[in-house]
>>> print(open('coords_2.cif').read())   # mmCIF, C-alpha atoms
data_coords
loop_
_atom_site.label_atom_id
_atom_site.label_comp_id
_atom_site.auth_asym_id
_atom_site.auth_seq_id
_atom_site.Cartn_x
_atom_site.Cartn_y
_atom_site.Cartn_z
CA MET B 28 107.30 56.28 128.66
CA ASN B 29 105.27 53.21 127.66
CA LEU B 30 108.12 51.81 125.56
CA VAL B 31 110.62 52.25 128.41
CA LEU B 32 108.26 50.44 130.78
CA LEU B 33 107.68 47.62 128.28
CA SER B 34 111.41 47.23 127.55
CA ALA B 35 112.06 46.92 131.29
CA VAL B 36 109.20 44.40 131.54
CA MET B 37 110.73 42.25 128.80
CA LEU B 38 114.22 42.37 130.36
CA LEU B 39 112.85 41.42 133.78
CA ALA B 40 110.76 38.61 132.24
CA ILE B 41 113.87 37.17 130.57
CA GLY B 42 115.74 37.60 133.88
CA SER B 43 113.12 35.68 135.84
CA LEU B 44 113.54 32.71 133.49
CA VAL B 45 117.34 32.86 133.15
CA ILE B 46 118.58 33.68 136.67
CA LYS B 47 119.75 30.52 138.43
CA LYS B 48 119.04 31.60 142.03
CA SER B 49 115.39 31.38 143.03
CA VAL B 50 115.08 34.52 145.17
CA PRO B 51 116.60 37.00 142.63
CA ALA B 52 114.47 35.34 139.91
CA MET B 53 111.40 35.94 142.04
CA ILE B 54 112.37 39.56 142.72
CA SER B 55 112.77 40.03 138.97
CA PHE B 56 109.28 38.56 138.48
CA ILE B 57 107.79 40.85 141.17
CA LEU B 58 109.37 43.94 139.55
CA MET B 59 108.05 42.82 136.16
CA MET B 60 104.51 42.57 137.50
CA PHE B 61 104.82 45.92 139.28
CA LEU B 62 105.98 47.64 136.07
CA LEU B 63 103.12 46.01 134.15
CA GLY B 64 100.74 47.50 136.73
CA LEU B 65 102.29 50.94 136.19
CA TYR B 66 101.93 50.43 132.44
CA TYR B 67 98.20 49.70 132.78
CA ILE B 68 97.80 52.81 134.93
CA ASN B 69 99.60 54.73 132.16
CA LEU B 70 97.08 53.29 129.67
CA ASP B 71 94.20 54.82 131.69
CA ALA B 72 93.16 51.41 133.03
CA LYS B 73 93.77 52.52 136.60
CA MET B 74 91.71 49.88 138.35
CA LEU B 75 93.30 47.10 136.27
CA GLY B 76 96.76 48.45 137.16
CA LEU B 77 95.94 48.58 140.85
CA PHE B 78 94.52 45.04 140.72
CA GLN B 79 97.71 43.92 138.99
CA ILE B 80 99.90 45.42 141.71
CA PHE B 81 97.78 44.19 144.63
CA ILE B 82 97.22 40.67 143.29
CA TYR B 83 100.55 39.86 141.67
CA THR B 84 103.13 41.75 143.70
CA GLY B 85 101.09 41.00 146.81
CA GLY B 86 99.03 37.83 146.84
CA ILE B 87 100.55 35.56 144.24
CA MET B 88 104.09 36.35 145.38
CA VAL B 89 103.28 35.11 148.89
CA LEU B 90 102.19 31.82 147.33
CA MET B 91 105.35 31.70 145.22
CA LEU B 92 107.42 32.19 148.39
CA PHE B 93 106.01 28.89 149.65
CA GLY B 94 107.25 27.37 146.40
CA VAL B 95 110.71 28.80 147.04
CA THR B 96 110.78 27.14 150.48
CA ILE B 97 110.33 23.80 148.71
CA ILE B 98 112.69 24.45 145.76
CA GLY B 99 115.50 25.91 147.87
CA LEU B 100 117.84 28.82 147.12
CA GLU B 101 118.98 27.53 143.74
CA PHE B 102 116.96 26.13 140.87
CA PRO B 103 117.91 22.56 139.94
CA LYS B 104 120.26 22.23 136.97
CA ALA B 105 118.52 21.39 133.73
CA LYS B 106 119.40 20.80 130.11
CA SER B 107 118.99 23.77 127.80
CA LYS B 108 116.43 23.21 125.07
CA PRO B 109 117.39 25.23 121.97
CA LEU B 110 114.62 23.66 119.89
CA ASN B 111 111.97 25.04 122.24
CA ALA B 112 113.58 28.48 122.10
CA ALA B 113 113.60 28.35 118.30
CA ALA B 114 109.95 27.24 118.24
CA ALA B 115 108.95 30.09 120.59
CA PHE B 116 110.85 32.60 118.43
CA LEU B 117 109.17 31.24 115.28
CA PHE B 118 105.81 31.58 117.01
CA PHE B 119 106.61 35.20 117.88
CA VAL B 120 107.64 36.03 114.30
CA THR B 121 104.53 34.35 112.82
CA LEU B 122 102.20 36.08 115.30
CA SER B 123 103.79 39.47 114.63
CA ALA B 124 103.65 38.99 110.85
CA LEU B 125 99.99 37.96 110.97
CA PHE B 126 99.16 40.90 113.22
CA LEU B 127 100.98 43.46 111.05
CA ARG B 128 99.24 42.06 107.98
CA GLY B 129 95.77 42.46 109.49
CA VAL B 130 96.25 45.57 111.61
CA ASP B 131 94.51 47.86 109.08
CA THR B 132 91.40 45.69 109.13
CA LEU B 133 91.48 45.70 112.91
CA GLN B 134 91.59 49.49 112.98
CA LYS B 135 88.71 49.67 110.45
CA VAL B 136 86.42 47.44 112.51
CA ALA B 137 87.21 49.26 115.73
CA PRO B 138 84.30 51.29 117.12
CA GLN B 139 84.64 54.86 115.83
CA ASN B 140 82.72 56.73 118.51
CA VAL B 141 84.02 55.36 121.75
CA GLU B 142 81.60 55.79 124.58
CA ASP B 143 83.18 55.91 127.96
CA ILE B 144 81.23 53.05 129.52
CA GLU B 145 81.24 53.12 133.27
CA LEU B 146 82.55 49.71 134.18
CA PHE B 147 81.30 48.43 137.51
CA SER B 148 80.30 51.92 138.62
CA ALA B 149 76.58 51.10 138.60
CA SER B 150 76.98 48.32 141.14
CA TYR B 151 79.70 47.73 143.67
CA SER B 152 78.56 44.13 144.06
CA ASP B 153 80.61 43.22 140.96
CA PHE B 154 83.74 44.47 142.70
CA VAL B 155 82.86 42.52 145.81
CA ILE B 156 82.41 39.30 143.80
CA ILE B 157 85.76 39.72 142.01
CA PHE B 158 87.61 40.53 145.25
CA ALA B 159 85.93 37.61 147.01
CA LEU B 160 86.91 35.16 144.26
CA ILE B 161 90.52 36.32 144.21
CA ALA B 162 90.87 36.56 147.99
CA SER B 163 89.29 33.13 148.59
CA SER B 164 91.56 31.42 146.05
CA LEU B 165 94.65 33.07 147.55
CA LEU B 166 93.55 32.20 151.07
CA TYR B 167 92.84 28.59 150.11
CA GLY B 168 96.26 28.29 148.47
CA THR B 169 98.04 29.80 151.47
CA VAL B 170 96.26 27.59 154.00
CA LYS B 171 96.87 24.41 151.98
CA MET B 172 100.54 25.22 151.40
CA ASN B 173 100.96 26.03 155.09
CA SER B 174 99.45 22.71 156.15
CA THR B 175 101.65 20.83 153.65
CA LEU B 176 104.78 22.53 154.96
CA LYS B 177 103.73 21.86 158.58
CA ALA B 178 103.28 18.15 157.83
CA ARG B 179 106.66 18.13 156.11
CA ARG B 180 108.37 19.85 159.06
CA SER B 181 106.83 17.48 161.63
CA LYS B 182 108.38 14.50 159.79
CA MET R 22 102.74 53.01 119.02
CA PHE R 23 99.80 50.57 119.11
CA GLU R 24 101.62 48.10 116.85
CA ILE R 25 104.86 48.23 118.85
CA GLU R 26 103.08 47.68 122.16
CA MET R 27 101.17 44.73 120.70
CA ILE R 28 104.45 43.24 119.47
CA PHE R 29 105.83 43.58 123.02
CA SER R 30 102.86 41.60 124.28
CA PHE R 31 103.50 38.92 121.64
CA GLY R 32 107.10 38.80 122.86
CA LEU R 33 105.95 38.26 126.45
CA PHE R 34 103.58 35.53 125.27
CA SER R 35 106.36 33.76 123.32
CA LEU R 36 108.67 34.00 126.33
CA GLY R 37 105.99 32.38 128.49
CA LEU R 38 105.49 29.71 125.86
CA TYR R 39 109.21 28.92 125.90
CA GLY R 40 109.23 28.74 129.70
CA VAL R 41 106.26 26.36 129.80
CA SER R 42 107.55 24.12 126.99
CA SER R 43 111.09 23.87 128.42
CA GLY R 44 109.45 22.90 131.75
CA ARG R 45 112.50 22.69 134.01
CA ASP R 46 110.93 23.04 137.43
CA PHE R 47 107.48 23.81 138.81
CA LEU R 48 108.25 27.35 139.98
CA ARG R 49 109.55 28.46 136.58
CA ILE R 50 106.55 26.88 134.90
CA PHE R 51 104.33 28.99 137.17
CA PHE R 52 106.30 32.11 136.26
CA SER R 53 105.84 31.27 132.58
CA LEU R 54 102.12 30.57 132.94
CA GLU R 55 101.67 33.93 134.67
CA MET R 56 103.59 35.53 131.80
CA LEU R 57 101.27 33.91 129.25
CA LEU R 58 98.17 35.14 131.04
CA ASN R 59 99.66 38.59 131.58
CA ALA R 60 100.48 38.87 127.88
CA VAL R 61 96.77 38.23 127.18
CA ILE R 62 95.74 40.85 129.76
CA MET R 63 98.19 43.26 128.14
CA MET R 64 96.71 42.67 124.66
CA LEU R 65 93.20 43.27 126.02
CA ALA R 66 94.27 46.49 127.77
CA ILE R 67 96.10 47.79 124.66
CA THR R 68 93.15 47.11 122.34
CA ALA R 69 90.79 48.72 124.87
CA HIS R 70 92.93 51.85 125.04
CA TYR R 71 93.91 52.34 121.40
CA LEU R 72 90.99 50.82 119.48
CA GLY R 73 88.16 51.52 121.89
CA PHE R 74 87.13 47.96 122.68
CA THR R 75 86.36 49.01 126.25
CA GLN R 76 84.55 45.79 127.08
CA ASN R 77 87.94 44.07 126.85
CA ILE R 78 88.76 45.47 130.30
CA VAL R 79 86.04 43.23 131.77
CA LEU R 80 87.63 40.26 130.00
CA ALA R 81 91.00 41.31 131.44
CA TYR R 82 89.55 41.14 134.97
CA MET R 83 88.26 37.66 134.22
CA VAL R 84 91.67 36.52 132.96
CA MET R 85 93.21 37.97 136.13
CA ILE R 86 90.84 35.91 138.31
CA LEU R 87 91.74 32.84 136.24
CA ALA R 88 95.46 33.54 136.78
CA THR R 89 94.95 33.77 140.55
CA LEU R 90 93.01 30.52 140.66
CA GLU R 91 95.65 28.84 138.51
CA ALA R 92 98.47 29.98 140.79
CA ALA R 93 96.65 28.80 143.91
CA ALA R 94 95.66 25.42 142.47
CA GLY R 95 99.01 24.88 140.74
CA LEU R 96 101.07 25.52 143.85
CA ILE R 97 98.91 23.09 145.82
CA ILE R 98 99.53 20.44 143.14
CA PHE R 99 103.25 21.24 143.33
CA ALA R 100 103.23 20.88 147.12
CA ALA R 101 101.33 17.60 146.88
CA ALA R 102 103.72 16.25 144.22
CA ASN R 103 106.65 17.25 146.39
CA LYS R 104 105.10 15.65 149.46
CA ILE R 105 104.22 12.37 147.76
CA ALA R 106 107.08 11.84 145.27
CA LYS R 107 109.75 14.30 146.61
CA VAL R 108 110.19 15.93 143.21
CA ILE R 109 110.48 19.54 142.10
CA SER R 110 110.17 19.16 138.34
CA PRO R 111 107.57 17.51 136.09
CA ASP R 112 110.25 15.36 134.39
CA GLU R 113 111.24 13.86 137.75
CA LEU R 114 107.59 13.25 138.49
CA ARG R 115 107.29 11.20 135.29
CA GLY R 116 110.41 9.26 136.30
CA ALA R 117 108.98 8.61 139.77
CA ASP R 118 105.82 7.21 138.21
CA ASP R 119 107.84 4.84 135.99
CA ALA R 120 109.82 3.57 138.95
#
>>> encode(input="coords_2.cif", output="structure tokens")
Amino acid sequence: MNLVLLSAVMLLAIGSLVIKKSVPAMISFILMMFLLGLYYINLDAKMLGLFQIFIYTGGIMVLMLFGVTIIGLEFPKAKSKPLNAAAAFLFFVTLSALFLRGVDTLQKVAPQNVEDIELFSASYSDFVIIFALIASSLLYGTVKMNSTLKARRSK
Amino acid sequence: MFEIEMIFSFGLFSLGLYGVSSGRDFLRIFFSLEMLLNAVIMMLAITAHYLGFTQNIVLAYMVMILATLEAAAGLIIFAAANKIAKVISPDELRGADDA
């Protein structure tokens, strides 16, 4: 199940960078974030998964929609950069090789008796602070973008 | 399973790195930045689940807050750049400055 979700995430991530039209690229990005949220829920990090879905497929996408109104329906044409792609691939191979080389050590140093610590359950004020930070930044972004677009439209 | 999922997160990180370094337009750079940060969140969640580093979940929340702030601030910068110099990509912005 996890591998299917992650394969879909990778395909959608590639799609969001490759698709030339802005709205389908954004839909691909939204689906990617939604599937990542489902993946976290599958990993028993339910609150993290729900945060992912609420924040990314909800809040950040509204902000990105403002960006689409500026960019237009199609992304501007740009030169392909094969050197950057090769560098990113080389980075991926190096990172994977280093990880596979040291994975045994990582598993040895991992805590053996995992205690199920109750994150945030002792105090709801932590949740309130996190929600307030996220909500205020999203609100600030939305208001600023709205005022910029209004000024642009009035011209 | 743990190794494969970690390699998927490295893949997402590399993809984000490519998107940021190719830097075609602001919106795609934002997509790529979100991918980079989400790859980090994914690594933290995987290590918390499989290796028992449960405190990593708290770090993941912090990275998520950072990603939200980055998206909000970045889009405002994009809007301002578009308003002032009428550009939609960082390369054009550099050109506008030279002119």
>>> residues_around(input="coords_2.cif", residues="segment 29-37 of chain R", least_positions_apart="4", cutoff="8 Å", atoms="all atoms listed in the file", output="ChimeraX atom specification")
/B:33,37,40-41,115-116,118-119,122-123 /R:25,41,52-58,60-61,63-64
>>> write_last_selection(input="coords_2.cif", atoms="C-alpha atoms", output="PDB file, in the coordinates of the input")
ATOM      1  CA  LEU B  33     107.680  47.620 128.280  1.00  0.00           C
ATOM      2  CA  MET B  37     110.730  42.250 128.800  1.00  0.00           C
ATOM      3  CA  ALA B  40     110.760  38.610 132.240  1.00  0.00           C
ATOM      4  CA  ILE B  41     113.870  37.170 130.570  1.00  0.00           C
ATOM      5  CA  ALA B 115     108.950  30.090 120.590  1.00  0.00           C
ATOM      6  CA  PHE B 116     110.850  32.600 118.430  1.00  0.00           C
ATOM      7  CA  PHE B 118     105.810  31.580 117.010  1.00  0.00           C
ATOM      8  CA  PHE B 119     106.610  35.200 117.880  1.00  0.00           C
ATOM      9  CA  LEU B 122     102.200  36.080 115.300  1.00  0.00           C
ATOM     10  CA  SER B 123     103.790  39.470 114.630  1.00  0.00           C
TER      11      SER B 123
ATOM     12  CA  ILE R  25     104.860  48.230 118.850  1.00  0.00           C
ATOM     13  CA  VAL R  41     106.260  26.360 129.800  1.00  0.00           C
ATOM     14  CA  PHE R  52     106.300  32.110 136.260  1.00  0.00           C
ATOM     15  CA  SER R  53     105.840  31.270 132.580  1.00  0.00           C
ATOM     16  CA  LEU R  54     102.120  30.570 132.940  1.00  0.00           C
ATOM     17  CA  GLU R  55     101.670  33.930 134.670  1.00  0.00           C
ATOM     18  CA  MET R  56     103.590  35.530 131.800  1.00  0.00           C
ATOM     19  CA  LEU R  57     101.270  33.910 129.250  1.00  0.00           C
ATOM     20  CA  LEU R  58      98.170  35.140 131.040  1.00  0.00           C
ATOM     21  CA  ALA R  60     100.480  38.870 127.880  1.00  0.00           C
ATOM     22  CA  VAL R  61      96.770  38.230 127.180  1.00  0.00           C
ATOM     23  CA  MET R  63      98.190  43.260 128.140  1.00  0.00           C
ATOM     24  CA  MET R  64      96.710  42.670 124.660  1.00  0.00           C
TER      25      MET R  64
END
>>> residues_around(input="coords_2.cif", residues="segment 50-66 of chain B", least_positions_apart="4", cutoff="6 Å", atoms="all atoms listed in the file", output="list of chain:residue names")
B:Val36, B:Leu39, B:Ser43, B:Ile46, B:Gly76, B:Gln79, B:Ile80, B:Thr84
>>> interface_residues(input="coords_2.cif", of="chain B", to="chain R", cutoff="7 Å", atoms="all atoms listed in the file", output="list in words")
Leu33, Met37, Leu44, Leu70, Ile87, Gly94, Ile98, Ala105, Lys108, Asn111, Ala112, Ala115, Phe116, Phe118, Phe119, Ser123, Gln134, Ala137, Pro138, Val141, Ile161, Ser164, Leu165, Gly168, Lys171, Met172 and Thr175 of chain B
>>> closest_residue(input="coords_2.cif", among="B:Phe102, B:Asn69, B:Leu166, B:Ala114", to="Leu30 of chain B", atoms="all atoms listed in the file")
B:Asn69
>>> atom_distance(input="coords_2.cif", atom1="atom CA of Thr169 of chain B", atom2="atom CA of Leu90 of chain B")
6.2 Å
>>> decode(input="coords_2.cif", residues="segment 63-75 of chain R", atoms="all heavy atoms", output="compact mmCIF listing (two decimals), in the first residue's frame")
# COMPACT_ATOMS: atom_id res chain seq x y z
N MET R 63 8.82 13.85 5.14
CA MET R 63 8.65 12.42 4.87
C MET R 63 9.75 11.60 5.55
O MET R 63 9.47 10.58 6.19
CB MET R 63 8.72 12.22 3.36
CG MET R 63 7.97 11.05 2.83
SD MET R 63 7.93 11.27 1.06
CE MET R 63 8.38 9.64 0.57
N MET R 64 11.01 12.07 5.44
CA MET R 64 12.12 11.36 6.10
C MET R 64 11.90 11.31 7.60
O MET R 64 12.12 10.26 8.23
CB MET R 64 13.44 12.10 5.83
CG MET R 64 14.01 11.89 4.45
SD MET R 64 15.49 12.90 4.29
CE MET R 64 15.40 13.38 2.58
N LEU R 65 11.47 12.44 8.18
CA LEU R 65 11.25 12.48 9.63
C LEU R 65 10.14 11.51 10.04
O LEU R 65 10.27 10.78 11.03
CB LEU R 65 10.89 13.91 10.06
CG LEU R 65 12.02 14.93 9.96
CD1 LEU R 65 11.49 16.34 10.17
CD2 LEU R 65 13.10 14.65 10.98
N ALA R 66 9.05 11.47 9.24
CA ALA R 66 7.93 10.58 9.56
C ALA R 66 8.35 9.11 9.43
O ALA R 66 7.98 8.27 10.25
CB ALA R 66 6.75 10.88 8.65
N ILE R 67 9.14 8.80 8.40
CA ILE R 67 9.58 7.40 8.19
C ILE R 67 10.49 6.94 9.34
O ILE R 67 10.30 5.86 9.89
CB ILE R 67 10.29 7.27 6.83
CG1 ILE R 67 9.30 7.46 5.68
CG2 ILE R 67 10.94 5.90 6.69
CD1 ILE R 67 9.96 7.61 4.32
N THR R 68 11.46 7.81 9.71
CA THR R 68 12.37 7.41 10.79
C THR R 68 11.61 7.31 12.13
O THR R 68 11.94 6.45 12.96
CB THR R 68 13.53 8.40 10.95
OG1 THR R 68 13.02 9.72 10.93
CG2 THR R 68 14.56 8.24 9.87
N ALA R 69 10.58 8.16 12.31
CA ALA R 69 9.79 8.07 13.53
C ALA R 69 9.03 6.74 13.58
O ALA R 69 8.94 6.09 14.62
CB ALA R 69 8.82 9.24 13.61
N HIS R 70 8.50 6.33 12.44
CA HIS R 70 7.68 5.12 12.41
C HIS R 70 8.51 3.84 12.50
O HIS R 70 8.22 2.95 13.30
CB HIS R 70 6.84 5.10 11.13
CG HIS R 70 5.96 3.90 11.01
ND1 HIS R 70 4.84 3.74 11.79
CD2 HIS R 70 6.05 2.80 10.23
CE1 HIS R 70 4.26 2.59 11.49
NE2 HIS R 70 4.97 2.00 10.54
N TYR R 71 9.57 3.78 11.69
CA TYR R 71 10.32 2.51 11.60
C TYR R 71 11.44 2.38 12.63
O TYR R 71 11.74 1.27 13.06
CB TYR R 71 10.92 2.35 10.20
CG TYR R 71 9.89 2.03 9.16
CD1 TYR R 71 9.48 2.99 8.25
CD2 TYR R 71 9.31 0.76 9.08
CE1 TYR R 71 8.51 2.72 7.31
CE2 TYR R 71 8.35 0.48 8.13
CZ TYR R 71 7.95 1.46 7.25
OH TYR R 71 6.99 1.18 6.31
N LEU R 72 12.07 3.49 13.02
CA LEU R 72 13.21 3.41 13.93
C LEU R 72 12.86 3.87 15.35
O LEU R 72 13.68 3.75 16.25
CB LEU R 72 14.39 4.23 13.40
CG LEU R 72 14.95 3.80 12.05
CD1 LEU R 72 16.11 4.69 11.65
CD2 LEU R 72 15.41 2.36 12.07
N GLY R 73 11.68 4.45 15.51
CA GLY R 73 11.27 4.84 16.85
C GLY R 73 11.75 6.19 17.32
O GLY R 73 11.67 6.51 18.50
N PHE R 74 12.23 7.01 16.40
CA PHE R 74 12.62 8.39 16.79
C PHE R 74 11.35 9.25 16.83
O PHE R 74 11.12 10.07 15.95
CB PHE R 74 13.62 8.98 15.79
CG PHE R 74 14.95 8.30 15.76
CD1 PHE R 74 15.35 7.56 14.66
CD2 PHE R 74 15.83 8.40 16.83
CE1 PHE R 74 16.58 6.94 14.62
CE2 PHE R 74 17.06 7.78 16.80
CZ PHE R 74 17.44 7.04 15.69
N THR R 75 10.53 9.02 17.85
CA THR R 75 9.21 9.66 17.86
C THR R 75 9.26 11.18 17.97
O THR R 75 8.34 11.86 17.55
CB THR R 75 8.35 9.10 19.00
OG1 THR R 75 9.18 8.79 20.09
CG2 THR R 75 7.59 7.88 18.57
